[in-house]
Amino acid sequence: MDVFLQIFFDGLVMGAFYSLIALGYTMVYGIIKLLNFAHGDFYMLGAFIGYALLSFFTGDGGLNTGLLGIGAVFIVTMIIVGLAGMGVERIAYRPLLTAPRLSILITAIGVSLSLEYASMIGWGASYKVYPIKLPKNGLEIIGAQISFAQIGLIVLSALLMIGLRLFIEKTIYGKAMRAIALDQAACSLMGINVYRIISLTFFIGAFLAAGAGIMSGVYYGTINFMMGFIIGLKAFTAAVLGGIGNITGAMIGGIVLGIVESYGTYYLGGSWKDVLAFGILILFLVFKPTGILGAKEMERM
Amino acid sequence: MKKYKKHSLLLLVLAMFLLPFLLDIYWLDVITLVLFYVVLTQGLNIVVGYTGLLDLGYAAFFAVGAYTTAILMTTFHWSFWLTLPVAALFAAIAGIIVGTPTLRLRSDYLAIVTLGFGEIVRILAINLDITGSASGIYGIPRPTIGSYVLSSQQDFYYLILIIAILSVLVVYRLGHSRIGRAWVYIREDEDAAEAMGINRIRLKLLSYATGAVIGSLAGSIFAVKMSAIAPLSFSFLQSVMILLAVVLGGLGSIPGVVIGAALVIVLPEVLRGAEDWRYLIFGVALVIMMIFRPQGILPKKYETEDRSDPEEETNDKNHSISV
C-alpha cells in the first residue's frame, strides 16, 4: 500500500507538468488547429532560462535571495518564454496560417529543431545541474513519503491552471479566444483582433510550459537541451487523452497520463515507459479520438 | 527537348558509374551516403510528396529493413538477397500498421502517430535482446554474388547506385501511373477524390506500404554496408533529415528530391567545424523554405495534359454548357 501511494504521488507531480504543457498544445490547437511541435521546446527553454537566471542570482558568489528571489525568477522566466512563444508565432506561423496544413506542420518541426539546437549552442550539449535543490523533508502519509516540495509543485501547478480557467472564463480575452475557436471569420467581422488573440494564446501556452520547465528543473535537478522533445510528445498524448481543444481535458489527461506512466514504470520497468505513453496515444486515436472529454463530432481533413 | 533530356540523364548515370575511379575513399563514402538518402527520400517522396501525408517516423522503416536483414543474416545465416523480400514484407506490414489507425483522422494526427511509431521502433530496438539492445548488431556478413564477396567501398557504391536508379525509376513511373495520379488527387482534395471513385483508404495504405518498402531496401543495404547497426542510426533526427531533404528539394519532384538529398549530406561535410550549427541551420532552413519557397528548390512541374489539347477543352466547355 505504501509503495502504491508513493507511486501515485510521484505520478501526480509528473502529471502536473504534463498538464501544464498539454494546456498550451490544446489551446493553440483549439484556436488555429495547429499541432505546435515546438511546444515541448518552450518547456526546455523555460528550464534553461530559469537555470541561467537562478545561477546568476543564487549561484556561487551570487546574491542569496531566498524564496522571494526564486519566485521573481519564476515569473520573469515565464514571461520571457511567453514572449518567445509570441515571437515564434509572429515569425514562423503567422505567414502560413492560410497555407496548406503540411507547410505549417513542417515549419513547426523547423522551429522545434531551431530552438533545440540554438539552446545546445548557447548552453552546451551536456546535462546541466540546477543551482538550487529542493529540501527533502516532508510528510508521511500511510507510509508514503511526500516532500513539501512535491506538495508545493502540485499546488503551484493547480494555481496556474485555476488562473488559466478564470482567465478563459471571466475575462474578455478569454471570451475572444473561445469565440475564435468557434468561428474565426465571424470574430474578425465582430471587431476582434484575431491575430492579437492568437498571439496571446501562444504567450499563455509558452508561459505555462516554461513554468513546468523551471519546476521540473528544480524537481529533477538536471536539464538537457533535448528534454522538451519527449515531454512534448507526452503532453500531446495527454491533450489527446483529455480531448484535444478541451482545456479541462488537458488538465485531466496530463494527470491521468502521469499516474498511469508512473505505475507502468514501476511494474514494467523504466525502459518501457515511453512505449506505454505512445501506445496509449495510438490506442486512443484509434478507438476514441475525441478523448475522455472531447467533443462528440470529429472533423476529418 | 525531351530527347535532349534523356541524353543528359544517361550521361549523368554514366558519370555516376565512373565516379569511383575519380574520387578518393572519403568522398566516395560521402556520395554513397548521398545515394542512401536518394533512396530514402524517394520512398518518403511517395508518402509526403505525392500523397501529402506527413510522416515523421520514416527512419522506422529504414530500421525495419536494416534489423530484418541483420537478424536474418547473423542469427539465421540467410543469404543477403533472400533477406530483401522478407525485409520489404515486414516494412510493408509496418507501414500498414501505422497507416490504418490514422486514416480516418486529420493529417496532423498522422504526423504525431508516425513520430510516436518511430520512437516505439527505436525503443524496441534498444530494449529487445534480438536486436542486440543499445549496442546493436555487429558482425553482419558481407553479401555475395556467386563466389564474389561484396566488400570494398566501390562494391557498395555500385550496389546502392543501382538501387537508387531503380527507386528513382519506380517512383517516376508510379508518379505517372493511374495510382500516382490518384495519390496526387488525394493530396489536393481528399473528398473530391473519393467522390470520383478513388478508394481513399486503399490508396493511402498503398502509398504508405510502397514508401516503407523503399525505405527498408535502403535499410537492408545499410546493414550489410556498415556490417554493424545500432539504434542511434534510426533516431527522430534521421527522419527529420530525410524529410528535410524532400522539402528542400521540392515535394513530389524527383530531381528536386535528389538534389535535396545531396544538399543535406554534402553541406555538413563542406561546413566541417560548424557541426554544432548544423541542425540549427537546417531547422531555420525548414522555416524559411516553408515561408518563402514552399515548393522547394526544384519544384515539380505539373503536366497539364488536358489543357495542352485545346480541342478537348472546348469539348469540355460545350459539355458543361449543355449540362
# chains A, B, ... in the order shown; residues from 1 in each chain; ligands from 1
>>> closest_atom_pairs(of="chain B", to="chain A", cutoff="9 Å", atoms="only C-alpha atoms", output="JSON lines")
{"residue": "B:Val48", "atom": "CA", "partner": "A:Leu102", "partner_atom": "CA", "distance": 8.8}
{"residue": "B:Gly52", "atom": "CA", "partner": "A:Leu102", "partner_atom": "CA", "distance": 7.3}
{"residue": "B:Leu53", "atom": "CA", "partner": "A:Leu102", "partner_atom": "CA", "distance": 7.9}
{"residue": "B:Leu54", "atom": "CA", "partner": "A:Leu102", "partner_atom": "CA", "distance": 6.8}
{"residue": "B:Thr100", "atom": "CA", "partner": "A:Val286", "partner_atom": "CA", "distance": 8.7}
{"residue": "B:Pro101", "atom": "CA", "partner": "A:Val286", "partner_atom": "CA", "distance": 5.1}
{"residue": "B:Thr102", "atom": "CA", "partner": "A:Val286", "partner_atom": "CA", "distance": 6.9}
{"residue": "B:Arg104", "atom": "CA", "partner": "A:Arg300", "partner_atom": "CA", "distance": 6.8}
{"residue": "B:Leu105", "atom": "CA", "partner": "A:Arg300", "partner_atom": "CA", "distance": 5.7}
{"residue": "B:Arg106", "atom": "CA", "partner": "A:Met301", "partner_atom": "CA", "distance": 4.8}
{"residue": "B:Ser107", "atom": "CA", "partner": "A:Met301", "partner_atom": "CA", "distance": 6.6}
{"residue": "B:Asp108", "atom": "CA", "partner": "A:Leu35", "partner_atom": "CA", "distance": 6.7}
{"residue": "B:Tyr109", "atom": "CA", "partner": "A:Leu285", "partner_atom": "CA", "distance": 8.0}
{"residue": "B:Ala111", "atom": "CA", "partner": "A:Leu105", "partner_atom": "CA", "distance": 8.4}
{"residue": "B:Ile112", "atom": "CA", "partner": "A:Leu233", "partner_atom": "CA", "distance": 7.9}
{"residue": "B:Val113", "atom": "CA", "partner": "A:Ile282", "partner_atom": "CA", "distance": 6.5}
{"residue": "B:Leu115", "atom": "CA", "partner": "A:Leu233", "partner_atom": "CA", "distance": 8.6}
{"residue": "B:Gly116", "atom": "CA", "partner": "A:Phe278", "partner_atom": "CA", "distance": 5.6}
{"residue": "B:Phe117", "atom": "CA", "partner": "A:Phe278", "partner_atom": "CA", "distance": 7.5}
{"residue": "B:Glu119", "atom": "CA", "partner": "A:Val275", "partner_atom": "CA", "distance": 7.9}
{"residue": "B:Ile120", "atom": "CA", "partner": "A:Val275", "partner_atom": "CA", "distance": 5.5}
{"residue": "B:Val121", "atom": "CA", "partner": "A:Val275", "partner_atom": "CA", "distance": 9.0}
{"residue": "B:Ile123", "atom": "CA", "partner": "A:Val275", "partner_atom": "CA", "distance": 7.2}
{"residue": "B:Leu124", "atom": "CA", "partner": "A:Val275", "partner_atom": "CA", "distance": 8.2}
{"residue": "B:Ile126", "atom": "CA", "partner": "A:Ser271", "partner_atom": "CA", "distance": 8.7}
{"residue": "B:Asn127", "atom": "CA", "partner": "A:Ser271", "partner_atom": "CA", "distance": 6.9}
{"residue": "B:Glu190", "atom": "CA", "partner": "A:Met301", "partner_atom": "CA", "distance": 7.8}
{"residue": "B:Asp191", "atom": "CA", "partner": "A:Met301", "partner_atom": "CA", "distance": 8.7}
{"residue": "B:Val240", "atom": "CA", "partner": "A:Ile109", "partner_atom": "CA", "distance": 8.1}
{"residue": "B:Leu243", "atom": "CA", "partner": "A:Ile106", "partner_atom": "CA", "distance": 8.8}
{"residue": "B:Leu244", "atom": "CA", "partner": "A:Ile106", "partner_atom": "CA", "distance": 8.8}
{"residue": "B:Val247", "atom": "CA", "partner": "A:Ile106", "partner_atom": "CA", "distance": 8.5}
{"residue": "B:Asp276", "atom": "CA", "partner": "A:Ile121", "partner_atom": "CA", "distance": 6.5}
{"residue": "B:Trp277", "atom": "CA", "partner": "A:Ile121", "partner_atom": "CA", "distance": 7.3}
{"residue": "B:Arg278", "atom": "CA", "partner": "A:Tyr117", "partner_atom": "CA", "distance": 8.5}
{"residue": "B:Tyr279", "atom": "CA", "partner": "A:Tyr117", "partner_atom": "CA", "distance": 6.2}
{"residue": "B:Leu280", "atom": "CA", "partner": "A:Ser114", "partner_atom": "CA", "distance": 4.7}
{"residue": "B:Ile281", "atom": "CA", "partner": "A:Ser114", "partner_atom": "CA", "distance": 7.4}
{"residue": "B:Phe282", "atom": "CA", "partner": "A:Gly110", "partner_atom": "CA", "distance": 7.4}
{"residue": "B:Gly283", "atom": "CA", "partner": "A:Gly110", "partner_atom": "CA", "distance": 4.1}
{"residue": "B:Val284", "atom": "CA", "partner": "A:Ser114", "partner_atom": "CA", "distance": 5.9}
{"residue": "B:Ala285", "atom": "CA", "partner": "A:Gly110", "partner_atom": "CA", "distance": 7.4}
{"residue": "B:Leu286", "atom": "CA", "partner": "A:Gly110", "partner_atom": "CA", "distance": 5.0}
{"residue": "B:Val287", "atom": "CA", "partner": "A:Thr107", "partner_atom": "CA", "distance": 4.8}
{"residue": "B:Ile288", "atom": "CA", "partner": "A:Ala92", "partner_atom": "CA", "distance": 8.2}
{"residue": "B:Met289", "atom": "CA", "partner": "A:Thr107", "partner_atom": "CA", "distance": 8.5}
{"residue": "B:Met290", "atom": "CA", "partner": "A:Ser103", "partner_atom": "CA", "distance": 5.8}
{"residue": "B:Ile291", "atom": "CA", "partner": "A:Pro95", "partner_atom": "CA", "distance": 6.6}
{"residue": "B:Pro294", "atom": "CA", "partner": "A:Ser103", "partner_atom": "CA", "distance": 6.9}
>>> residues_around(residues="A:Gly15", least_positions_apart="6", cutoff="9 Å", atoms="only C-alpha atoms", output="list in words")
Ala238, Met251, Ile252, Gly253, Gly254, Ile255, Val256, Leu257, Gly258, Ile259 and Glu261 of chain A
>>> closest_residue(among="A:Leu208, A:Ile31, A:Leu53, A:Val155", to="A:Ala179", atoms="only C-alpha atoms")
A:Ile31
>>> residues_around(residues="B:Thr69", least_positions_apart="2", cutoff="12 Å", atoms="only C-alpha atoms", output="PDB file with C-alpha atoms, in the first residue's frame")
ATOM      1  CA  PHE B  62      14.798   2.183 -42.578  1.00  0.00           C
ATOM      2  CA  ALA B  63      15.308   0.449 -39.226  1.00  0.00           C
ATOM      3  CA  VAL B  64      12.895  -2.384 -40.057  1.00  0.00           C
ATOM      4  CA  GLY B  65      14.886  -3.145 -43.212  1.00  0.00           C
ATOM      5  CA  ALA B  66      18.249  -2.910 -41.502  1.00  0.00           C
ATOM      6  CA  TYR B  67      17.290  -5.006 -38.492  1.00  0.00           C
ATOM      7  CA  ILE B  71      18.978 -10.582 -37.723  1.00  0.00           C
ATOM      8  CA  LEU B  72      18.311 -12.984 -40.584  1.00  0.00           C
ATOM      9  CA  MET B  73      21.954 -12.882 -41.665  1.00  0.00           C
ATOM     10  CA  THR B  74      23.604 -13.175 -38.251  1.00  0.00           C
ATOM     11  CA  THR B  75      21.224 -15.403 -36.283  1.00  0.00           C
ATOM     12  CA  PHE B  76      19.720 -17.462 -39.091  1.00  0.00           C
ATOM     13  CA  HIS B  77      22.599 -17.295 -41.615  1.00  0.00           C
ATOM     14  CA  TRP B  78      20.417 -16.384 -44.553  1.00  0.00           C
ATOM     15  CA  SER B  79      21.805 -15.097 -47.818  1.00  0.00           C
ATOM     16  CA  PHE B  80      21.593 -11.310 -48.122  1.00  0.00           C
ATOM     17  CA  TRP B  81      19.483 -11.451 -51.264  1.00  0.00           C
ATOM     18  CA  LEU B  82      16.868 -13.623 -49.604  1.00  0.00           C
ATOM     19  CA  THR B  83      16.504 -11.200 -46.732  1.00  0.00           C
ATOM     20  CA  LEU B  84      15.478  -8.363 -49.071  1.00  0.00           C
ATOM     21  CA  PRO B  85      11.933  -9.578 -49.828  1.00  0.00           C
ATOM     22  CA  VAL B  86      11.374 -10.542 -46.189  1.00  0.00           C
ATOM     23  CA  ALA B  87      12.515  -7.100 -45.034  1.00  0.00           C
ATOM     24  CA  ALA B  88      10.299  -5.482 -47.645  1.00  0.00           C
ATOM     25  CA  LEU B  89       7.336  -7.557 -46.490  1.00  0.00           C
ATOM     26  CA  PHE B  90       7.897  -6.618 -42.849  1.00  0.00           C
ATOM     27  CA  ALA B  91       8.228  -2.961 -43.786  1.00  0.00           C
ATOM     28  CA  THR B 131      18.074  -6.526 -31.781  1.00  0.00           C
ATOM     29  CA  ILE B 137      24.043  -5.878 -34.048  1.00  0.00           C
ATOM     30  CA  TYR B 138      27.578  -6.245 -35.324  1.00  0.00           C
ATOM     31  CA  ILE B 140      26.847  -8.716 -40.214  1.00  0.00           C
ATOM     32  CA  PRO B 141      28.338 -10.814 -43.047  1.00  0.00           C
ATOM     33  CA  ARG B 142      29.080  -9.359 -46.465  1.00  0.00           C
ATOM     34  CA  PRO B 143      26.726 -10.216 -49.310  1.00  0.00           C
ATOM     35  CA  SER B 216      13.505  -0.888 -45.964  1.00  0.00           C
ATOM     36  CA  LEU B 217      15.571  -1.613 -49.088  1.00  0.00           C
ATOM     37  CA  ALA B 218      17.894   1.216 -48.147  1.00  0.00           C
ATOM     38  CA  GLY B 219      17.988  -0.189 -44.620  1.00  0.00           C
ATOM     39  CA  SER B 220      18.923  -3.703 -45.757  1.00  0.00           C
ATOM     40  CA  ILE B 221      21.828  -2.392 -47.793  1.00  0.00           C
ATOM     41  CA  PHE B 222      22.823  -0.061 -44.983  1.00  0.00           C
ATOM     42  CA  ALA B 223      23.110  -3.064 -42.650  1.00  0.00           C
ATOM     43  CA  VAL B 224      25.484  -5.005 -44.891  1.00  0.00           C
ATOM     44  CA  LYS B 225      27.473  -1.937 -45.860  1.00  0.00           C
ATOM     45  CA  SER B 227      28.280  -4.501 -41.041  1.00  0.00           C
ATOM     46  CA  ALA B 228      27.116  -3.105 -37.706  1.00  0.00           C
ATOM     47  CA  ILE B 229      23.927  -1.253 -36.855  1.00  0.00           C
TER      48      ILE B 229
END
>>> select_by_dssp(residues="stretch 79-286 of chain A", states="alpha helix (DSSP H)", output="VMD selection string")
chain A and resid 79 to 88 101 to 123 148 to 170 172 to 182 184 to 189 194 to 220 227 to 242 247 to 268 273 to 286
>>> write_last_selection(atoms="C-alpha atoms", output="short mmCIF file (atom, residue, chain, number, x, y, z; two decimals), in the first residue's frame")
data_model
loop_
_atom_site.label_atom_id
_atom_site.label_comp_id
_atom_site.auth_asym_id
_atom_site.auth_seq_id
_atom_site.Cartn_x
_atom_site.Cartn_y
_atom_site.Cartn_z
CA ILE A 79 7.29 35.99 -19.17
CA ILE A 80 10.48 35.76 -21.24
CA VAL A 81 9.48 32.37 -22.65
CA GLY A 82 5.94 33.61 -23.21
CA LEU A 83 7.35 36.44 -25.31
CA ALA A 84 9.49 33.91 -27.16
CA GLY A 85 6.31 31.99 -27.91
CA MET A 86 4.74 35.12 -29.32
CA GLY A 87 7.85 35.77 -31.38
CA VAL A 88 7.76 32.27 -32.85
CA ARG A 101 -1.55 22.32 -43.44
CA LEU A 102 1.54 20.38 -44.46
CA SER A 103 3.57 23.60 -44.72
CA ILE A 104 2.78 24.79 -41.25
CA LEU A 105 3.46 21.36 -39.73
CA ILE A 106 6.86 21.24 -41.39
CA THR A 107 7.51 24.78 -40.16
CA ALA A 108 6.69 23.66 -36.64
CA ILE A 109 9.34 20.95 -36.91
CA GLY A 110 11.82 23.52 -38.18
CA VAL A 111 11.04 25.77 -35.22
CA SER A 112 11.49 22.86 -32.84
CA LEU A 113 14.88 21.95 -34.31
CA SER A 114 15.95 25.59 -34.24
CA LEU A 115 15.01 26.09 -30.59
CA GLU A 116 16.67 22.85 -29.52
CA TYR A 117 19.94 23.40 -31.28
CA ALA A 118 20.09 27.10 -30.53
CA SER A 119 19.92 26.10 -26.86
CA MET A 120 22.58 23.49 -27.44
CA ILE A 121 24.88 26.10 -28.92
CA GLY A 122 24.05 28.55 -26.16
CA TRP A 123 24.28 26.27 -23.14
CA PHE A 148 6.85 19.63 0.98
CA ALA A 149 8.45 20.43 -2.34
CA GLN A 150 6.19 17.97 -4.14
CA ILE A 151 3.16 19.43 -2.45
CA GLY A 152 4.38 22.90 -3.36
CA LEU A 153 4.82 21.98 -7.01
CA ILE A 154 1.40 20.40 -7.22
CA VAL A 155 -0.22 23.41 -5.53
CA LEU A 156 1.64 25.80 -7.81
CA SER A 157 0.55 23.87 -10.89
CA ALA A 158 -3.01 23.82 -9.64
CA LEU A 159 -2.91 27.57 -9.05
CA LEU A 160 -1.64 28.17 -12.58
CA MET A 161 -4.41 26.00 -14.01
CA ILE A 162 -7.09 27.68 -11.91
CA GLY A 163 -5.73 31.03 -13.01
CA LEU A 164 -5.96 29.97 -16.62
CA ARG A 165 -9.52 28.75 -16.17
CA LEU A 166 -10.55 32.06 -14.63
CA PHE A 167 -8.78 33.95 -17.38
CA ILE A 168 -10.57 31.99 -20.09
CA GLU A 169 -13.99 32.09 -18.50
CA LYS A 170 -14.10 35.51 -16.90
CA ILE A 172 -12.93 39.47 -22.30
CA TYR A 173 -9.75 37.99 -23.82
CA GLY A 174 -10.75 34.52 -22.77
CA LYS A 175 -14.12 35.08 -24.31
CA ALA A 176 -12.45 36.19 -27.54
CA MET A 177 -10.34 33.03 -27.53
CA ARG A 178 -13.34 30.81 -27.15
CA ALA A 179 -15.09 32.72 -29.88
CA ILE A 180 -12.18 32.40 -32.30
CA ALA A 181 -12.04 28.68 -31.68
CA LEU A 182 -15.63 28.53 -32.87
CA GLN A 184 -12.53 32.88 -36.83
CA ALA A 185 -14.08 34.74 -39.73
CA ALA A 186 -17.12 35.81 -37.76
CA CYS A 187 -14.86 37.05 -34.97
CA SER A 188 -12.89 39.33 -37.22
CA LEU A 189 -16.18 40.70 -38.54
CA VAL A 194 -7.84 37.80 -34.29
CA TYR A 195 -4.06 37.94 -34.70
CA ARG A 196 -3.66 39.59 -31.35
CA ILE A 197 -5.67 36.88 -29.63
CA ILE A 198 -3.70 34.15 -31.41
CA SER A 199 -0.54 35.86 -30.23
CA LEU A 200 -1.90 35.95 -26.70
CA THR A 201 -2.71 32.24 -26.88
CA PHE A 202 0.88 31.47 -27.80
CA PHE A 203 2.06 33.67 -24.95
CA ILE A 204 -0.05 31.80 -22.42
CA GLY A 205 0.89 28.40 -23.81
CA ALA A 206 4.61 29.12 -23.69
CA PHE A 207 4.20 30.83 -20.30
CA LEU A 208 2.68 27.71 -18.74
CA ALA A 209 5.15 25.36 -20.43
CA ALA A 210 8.01 27.47 -19.10
CA GLY A 211 6.53 27.22 -15.62
CA ALA A 212 6.53 23.43 -15.95
CA GLY A 213 10.09 23.57 -17.29
CA ILE A 214 11.55 25.53 -14.42
CA MET A 215 9.62 23.43 -11.90
CA SER A 216 10.90 20.20 -13.38
CA GLY A 217 14.43 21.62 -13.36
CA VAL A 218 14.12 22.33 -9.66
CA TYR A 219 12.43 18.99 -9.02
CA TYR A 220 14.63 16.59 -11.01
CA MET A 227 14.33 17.42 -22.66
CA GLY A 228 11.45 19.10 -24.46
CA PHE A 229 11.17 16.60 -27.28
CA ILE A 230 9.85 13.52 -25.50
CA ILE A 231 7.83 15.50 -22.97
CA GLY A 232 6.25 17.42 -25.83
CA LEU A 233 5.06 14.15 -27.29
CA LYS A 234 3.81 13.00 -23.91
CA ALA A 235 1.97 16.26 -23.38
CA PHE A 236 0.39 15.85 -26.76
CA THR A 237 -0.68 12.38 -25.68
CA ALA A 238 -2.18 13.96 -22.57
CA ALA A 239 -4.02 16.51 -24.69
CA VAL A 240 -5.45 13.75 -26.91
CA LEU A 241 -6.32 11.72 -23.84
CA GLY A 242 -8.39 14.55 -22.47
CA ILE A 247 -8.91 22.86 -21.52
CA THR A 248 -10.24 20.75 -18.65
CA GLY A 249 -9.47 17.67 -20.71
CA ALA A 250 -5.83 18.65 -20.99
CA MET A 251 -5.55 19.05 -17.24
CA ILE A 252 -7.16 15.69 -16.54
CA GLY A 253 -5.33 13.98 -19.38
CA GLY A 254 -1.97 15.15 -18.04
CA ILE A 255 -2.65 13.93 -14.52
CA VAL A 256 -4.01 10.58 -15.76
CA LEU A 257 -1.04 10.06 -18.05
CA GLY A 258 1.43 10.95 -15.31
CA ILE A 259 -0.11 8.48 -12.89
CA VAL A 260 -0.53 5.68 -15.45
CA GLU A 261 3.05 6.15 -16.57
CA SER A 262 4.27 6.14 -13.01
CA TYR A 263 2.63 2.77 -12.34
CA GLY A 264 3.77 1.49 -15.72
CA THR A 265 7.35 2.38 -14.90
CA TYR A 266 7.13 0.56 -11.61
CA TYR A 267 5.56 -2.62 -12.94
CA LEU A 268 7.09 -2.84 -16.42
CA LYS A 273 7.87 3.95 -20.10
CA ASP A 274 7.82 5.82 -23.40
CA VAL A 275 6.35 2.88 -25.31
CA LEU A 276 3.48 2.85 -22.83
CA ALA A 277 2.70 6.52 -23.43
CA PHE A 278 2.79 6.23 -27.21
CA GLY A 279 0.80 3.03 -27.04
CA ILE A 280 -1.90 4.90 -25.12
CA LEU A 281 -1.77 7.68 -27.70
CA ILE A 282 -2.24 5.32 -30.62
CA LEU A 283 -4.98 3.33 -28.90
CA PHE A 284 -6.88 6.50 -28.11
CA LEU A 285 -6.52 7.81 -31.63
CA VAL A 286 -7.92 4.55 -32.98
#
>>> residues_around(residues="B:Leu205", least_positions_apart="4", cutoff="9 Å", atoms="only C-alpha atoms", output="PDB file with N, CA and C atoms, in the first residue's frame")
ATOM      1  N   GLY B  95       4.183  -0.460 -42.368  1.00  0.00           N
ATOM      2  CA  GLY B  95       3.565   0.724 -42.952  1.00  0.00           C
ATOM      3  C   GLY B  95       2.054   0.679 -42.816  1.00  0.00           C
ATOM      4  N   ILE B  96       1.482  -0.498 -43.055  1.00  0.00           N
ATOM      5  CA  ILE B  96       0.026  -0.623 -42.963  1.00  0.00           C
ATOM      6  C   ILE B  96      -0.425  -0.490 -41.516  1.00  0.00           C
ATOM      7  N   GLY B  99      -0.341   3.126 -40.759  1.00  0.00           N
ATOM      8  CA  GLY B  99      -1.300   3.887 -41.545  1.00  0.00           C
ATOM      9  C   GLY B  99      -2.743   3.664 -41.119  1.00  0.00           C
ATOM     10  N   THR B 100      -3.098   2.412 -40.865  1.00  0.00           N
ATOM     11  CA  THR B 100      -4.503   2.075 -40.623  1.00  0.00           C
ATOM     12  C   THR B 100      -5.190   2.917 -39.548  1.00  0.00           C
ATOM     13  N   LEU B 103      -6.042   6.669 -40.631  1.00  0.00           N
ATOM     14  CA  LEU B 103      -6.627   7.032 -41.918  1.00  0.00           C
ATOM     15  C   LEU B 103      -7.872   7.887 -41.780  1.00  0.00           C
ATOM     16  N   ARG B 200      -9.944   5.789 -51.236  1.00  0.00           N
ATOM     17  CA  ARG B 200      -9.030   6.602 -50.433  1.00  0.00           C
ATOM     18  C   ARG B 200      -8.184   5.728 -49.508  1.00  0.00           C
ATOM     19  N   ILE B 201      -8.850   4.822 -48.800  1.00  0.00           N
ATOM     20  CA  ILE B 201      -8.160   4.036 -47.787  1.00  0.00           C
ATOM     21  C   ILE B 201      -7.134   3.116 -48.421  1.00  0.00           C
ATOM     22  N   ALA B 209       2.709   1.717 -47.718  1.00  0.00           N
ATOM     23  CA  ALA B 209       3.442   0.472 -47.865  1.00  0.00           C
ATOM     24  C   ALA B 209       4.568   0.625 -48.888  1.00  0.00           C
ATOM     25  N   THR B 210       4.295   1.317 -50.008  1.00  0.00           N
ATOM     26  CA  THR B 210       5.333   1.482 -51.021  1.00  0.00           C
ATOM     27  C   THR B 210       6.498   2.281 -50.461  1.00  0.00           C
TER      28      THR B 210
END
>>> residues_around(residues="B:Gly215", least_positions_apart="5", cutoff="6 Å", atoms="only C-alpha atoms", output="PyMOL selection string")
chain B and resi 40+43+61-62
>>> write_last_selection(atoms="C-alpha atoms", output="PDB file, in the first residue's frame")
ATOM      1  CA  LEU B  40      15.145   7.084 -48.661  1.00  0.00           C
ATOM      2  CA  GLY B  43      10.354   6.499 -50.563  1.00  0.00           C
ATOM      3  CA  PHE B  61      11.103   1.705 -41.951  1.00  0.00           C
ATOM      4  CA  PHE B  62      14.798   2.183 -42.578  1.00  0.00           C
TER       5      PHE B  62
END
>>> residues_around(residues="B:Val264", least_positions_apart="2", cutoff="12 Å", atoms="only C-alpha atoms", output="ChimeraX atom specification")
/B:30-31,33-38,41,238,240-249,257-262,266-271,278-279,281-283,285-286
>>> write_last_selection(atoms="C-alpha atoms", output="PDB file, in the first residue's frame")
ATOM      1  CA  VAL B  30      30.017  10.760 -48.823  1.00  0.00           C
ATOM      2  CA  ILE B  31      28.493  10.093 -52.241  1.00  0.00           C
ATOM      3  CA  LEU B  33      25.629   8.211 -48.210  1.00  0.00           C
ATOM      4  CA  VAL B  34      24.001  10.649 -50.630  1.00  0.00           C
ATOM      5  CA  LEU B  35      22.751   7.671 -52.632  1.00  0.00           C
ATOM      6  CA  PHE B  36      21.299   6.109 -49.491  1.00  0.00           C
ATOM      7  CA  TYR B  37      19.474   9.349 -48.947  1.00  0.00           C
ATOM      8  CA  VAL B  38      18.318   9.372 -52.558  1.00  0.00           C
ATOM      9  CA  THR B  41      13.894  10.391 -49.979  1.00  0.00           C
ATOM     10  CA  GLN B 238      17.276  10.782 -39.083  1.00  0.00           C
ATOM     11  CA  VAL B 240      13.774  14.794 -39.895  1.00  0.00           C
ATOM     12  CA  MET B 241      16.843  14.876 -42.134  1.00  0.00           C
ATOM     13  CA  ILE B 242      15.114  12.690 -44.724  1.00  0.00           C
ATOM     14  CA  LEU B 243      12.053  14.932 -44.559  1.00  0.00           C
ATOM     15  CA  LEU B 244      14.258  18.000 -44.839  1.00  0.00           C
ATOM     16  CA  ALA B 245      15.843  16.628 -48.000  1.00  0.00           C
ATOM     17  CA  VAL B 246      12.404  16.092 -49.529  1.00  0.00           C
ATOM     18  CA  VAL B 247      11.153  19.522 -48.501  1.00  0.00           C
ATOM     19  CA  LEU B 248      14.298  21.385 -49.562  1.00  0.00           C
ATOM     20  CA  GLY B 249      14.340  19.722 -52.945  1.00  0.00           C
ATOM     21  CA  VAL B 257      14.419  15.450 -54.061  1.00  0.00           C
ATOM     22  CA  VAL B 258      17.696  14.038 -55.407  1.00  0.00           C
ATOM     23  CA  ILE B 259      19.248  17.493 -55.098  1.00  0.00           C
ATOM     24  CA  GLY B 260      17.784  17.804 -51.616  1.00  0.00           C
ATOM     25  CA  ALA B 261      19.408  14.515 -50.601  1.00  0.00           C
ATOM     26  CA  ALA B 262      22.756  15.697 -51.926  1.00  0.00           C
ATOM     27  CA  VAL B 266      27.187  17.231 -48.635  1.00  0.00           C
ATOM     28  CA  LEU B 267      26.598  20.589 -46.931  1.00  0.00           C
ATOM     29  CA  PRO B 268      27.615  19.379 -43.456  1.00  0.00           C
ATOM     30  CA  GLU B 269      30.730  17.797 -44.991  1.00  0.00           C
ATOM     31  CA  VAL B 270      31.676  21.080 -46.608  1.00  0.00           C
ATOM     32  CA  LEU B 271      30.899  23.049 -43.461  1.00  0.00           C
ATOM     33  CA  ARG B 278      24.217  22.061 -38.483  1.00  0.00           C
ATOM     34  CA  TYR B 279      20.784  21.278 -37.083  1.00  0.00           C
ATOM     35  CA  ILE B 281      20.820  25.862 -39.774  1.00  0.00           C
ATOM     36  CA  PHE B 282      18.618  23.031 -41.046  1.00  0.00           C
ATOM     37  CA  GLY B 283      15.816  23.988 -38.683  1.00  0.00           C
ATOM     38  CA  ALA B 285      16.149  26.463 -43.383  1.00  0.00           C
ATOM     39  CA  LEU B 286      12.925  24.479 -42.984  1.00  0.00           C
TER      40      LEU B 286
END
